[in-house]
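See below for the structure under consideration.
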Amino acid sequence: MTYDLLVIGAGPAGCAAAACAALGGLRVALVERRRIPRHKTCGGGVPATVQRYFDGLDLAGLADVPIRKMRHTWRYTTGFAADLGSDEEPVRLYCVRRDKLDAGLAAHAARCGADVLDGVTVRDVDVGDAAVDVRGNLGGDGALWKASAEFVIGADGATGSVGKSAGLSPRRTAAIAMEYELPYDWSRYAGGAEPDAIHLVYGTVRNGYVWAFPKADHFNIGAGLFRGSHEPSGTHLSAELETAALEMARALGIQTAPDRSCLHYHPVPVWAGRCRLQHRTGRVLLAGDAASLVNPLFGDGILNAVRSGVLAAQAVINGRTLSYTEDIYAEIGRDLDAAERVARLFYSVPEVCFRLGVMRPSASRTAARLLCGELRYRDVSSLALRRLGSAVRRSVMGRGEAKESNLP
């Protein structure tokens, strides 16, 4: 099989790349390791602005619930809920099931003209001067599968094979998350849960937080560590994350111990700085989690994945593949650098930052605008760091309660 472009991985980045390239007139194949629909470990919070990158897509139709509030809590004691939207734009975030979302995005790519090939496990890519040969196996019987294309976009996640085969190893922070998918009967449990609110708890996980994202009939409850740790990983860290998630479940009124079969761990490819994202020939590009584009402050990655998929497809269409790394840095990387500077302060003194930053009335709406790409971290981080940092220093040095910092 011969194509202009092979996109490996049918997550948001790969689907966005395949759809954009197909609409641009390229012959495209979107290759997915598992059969679609398939489970994907993910909290499932998706900015409404993702829809802008999929012309004609009804994102609300692929979502479980619209999110209108964020509920923040410090160790389940001090807390509050904040509205995210406005009269003009009441919904900025959705909670989705990734099996449904990704299947819908893959179907959209197919409608745009891409061939969707699922059940194909890519093993290696061989980059030549004029084309890229891709080899793998078919899911059912393990039969050999081969294809070639002028270009390949690796959107196959943090542990994907494309980057390794092409000699591309994006720098990333060693981060990890775990989550439970727990059935939730909205008519039975009280527990303070709201079907249109995401719940975030700080202070129980070092260098991260605990979340509960509502779905139509269940909660995605998880805990993530987004800045890595100098302590040994393994049993101790796993126990800490599991304990934090179970504490959240009890706070929501879920008393039954969850079945461990619904427990999932996954690496979080958090951005760790600029690095090369295209092969020296420009014939292989990395996008999404394969490019380590997860936000080091919030741990979100879907919007950046979609944006990078579109940028990768446009680079192929416009003959700019040798400039792809710089294009990604200009459009996404600079903001992630700014987010890293904020994350460094926040996770160093989280209680003070929670009290002086998160609890500000405007903070949640600002966070929603950042998550949706309506604000750029590069435009607000310097002011936020200066004012919040000053307040933190006064608080830590015992100079009394910090004055309002007027964070944007």
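Residue numbers start at 1 in each chain; chains themselves are named A, B, ... in the order of the structure tokens; ligands are numbered from 1 in the order shown.
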Excluding same-chain residues fewer than 2 positions from range 374-388 of chain A, what lies within 9 Å of it counting only C-alpha atoms, as a list in words? Thr49, Arg334, Asp335, Leu336, Asp337, Ala338, Ala339, Arg341, Val342, Leu345, Cys353, Leu356, Gly357, Thr366, Ala367, Ala368, Arg369, Leu370, Leu371, Cys372, Ser390, Ala391, Val392, Arg393, Glu404, Ser405, Asn406, Leu407 and Pro408 of chain A
Each residue of range 103-127 of chain A lying at most 12 Å from range 159-176 of chain A should get a row with its shortest atom-to-atom pair and the distance in Å to one decimal, counting only C-alpha atoms; could you produce that, ordered by chain and increasing number, as JSON lines?
{"residue": "A:Thr121", "atom": "CA", "partner": "A:Ser161", "partner_atom": "CA", "distance": 9.4}
{"residue": "A:Val122", "atom": "CA", "partner": "A:Ser161", "partner_atom": "CA", "distance": 7.0}
{"residue": "A:Arg123", "atom": "CA", "partner": "A:Ser161", "partner_atom": "CA", "distance": 6.3}
{"residue": "A:Asp124", "atom": "CA", "partner": "A:Ser165", "partner_atom": "CA", "distance": 5.4}
{"residue": "A:Val125", "atom": "CA", "partner": "A:Ser165", "partner_atom": "CA", "distance": 5.6}
{"residue": "A:Asp126", "atom": "CA", "partner": "A:Ala166", "partner_atom": "CA", "distance": 7.3}
{"residue": "A:Val127", "atom": "CA", "partner": "A:Ala166", "partner_atom": "CA", "distance": 7.1}
Just the selected residues (C-alpha atoms), exported as a tab-separated table (two decimals), in the first residue's frame, please.
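So the final result, stored in again26.tsv, reads:
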chain	number	residue	atom	x	y	z
A	121	THR	CA	0.47	-2.75	15.14
A	122	VAL	CA	3.36	-0.74	13.69
A	123	ARG	CA	6.75	-2.23	14.58
A	124	ASP	CA	9.26	-0.02	12.81
A	125	VAL	CA	9.75	2.66	10.19
A	126	ASP	CA	12.61	2.77	7.71
A	127	VAL	CA	13.30	6.31	6.52
With DSSP run on the backbone, what are the strand (DSSP E or B) residues within range 151-256 of chain A? I'd like them as a PyMOL selection string. chain A and resi 151-154+172-183+197-202+208-214+218-225
Can you list, as a count of residues only, all residues belonging to range 13-223 of chain A that DSSP tags as helix (DSSP H, G or I)? 39
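Proximity of A:Ser362, A:Ser348, A:Thr41, A:Ser292 to Gly389 in chain A, computed with only C-alpha atoms, is greatest for A:Ser348.
Picture a line from CA of Tyr53 in chain A to CA of Ala13 in chain A; it runs 10.6 Å.
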Restricting the calculation to only C-alpha atoms: of A:Ala109, A:Ala312, A:Ala343, A:Ala223, which residue gets closest to Gln278 in chain A?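 Under the stated criterion, the closest residue is A:Ala312.
Among the candidate residues A:Ser323, A:Asn137, A:Thr78, A:Thr2, the one lying nearest to Arg355 in chain A is A:Thr78, with distances computed using only C-alpha atoms.
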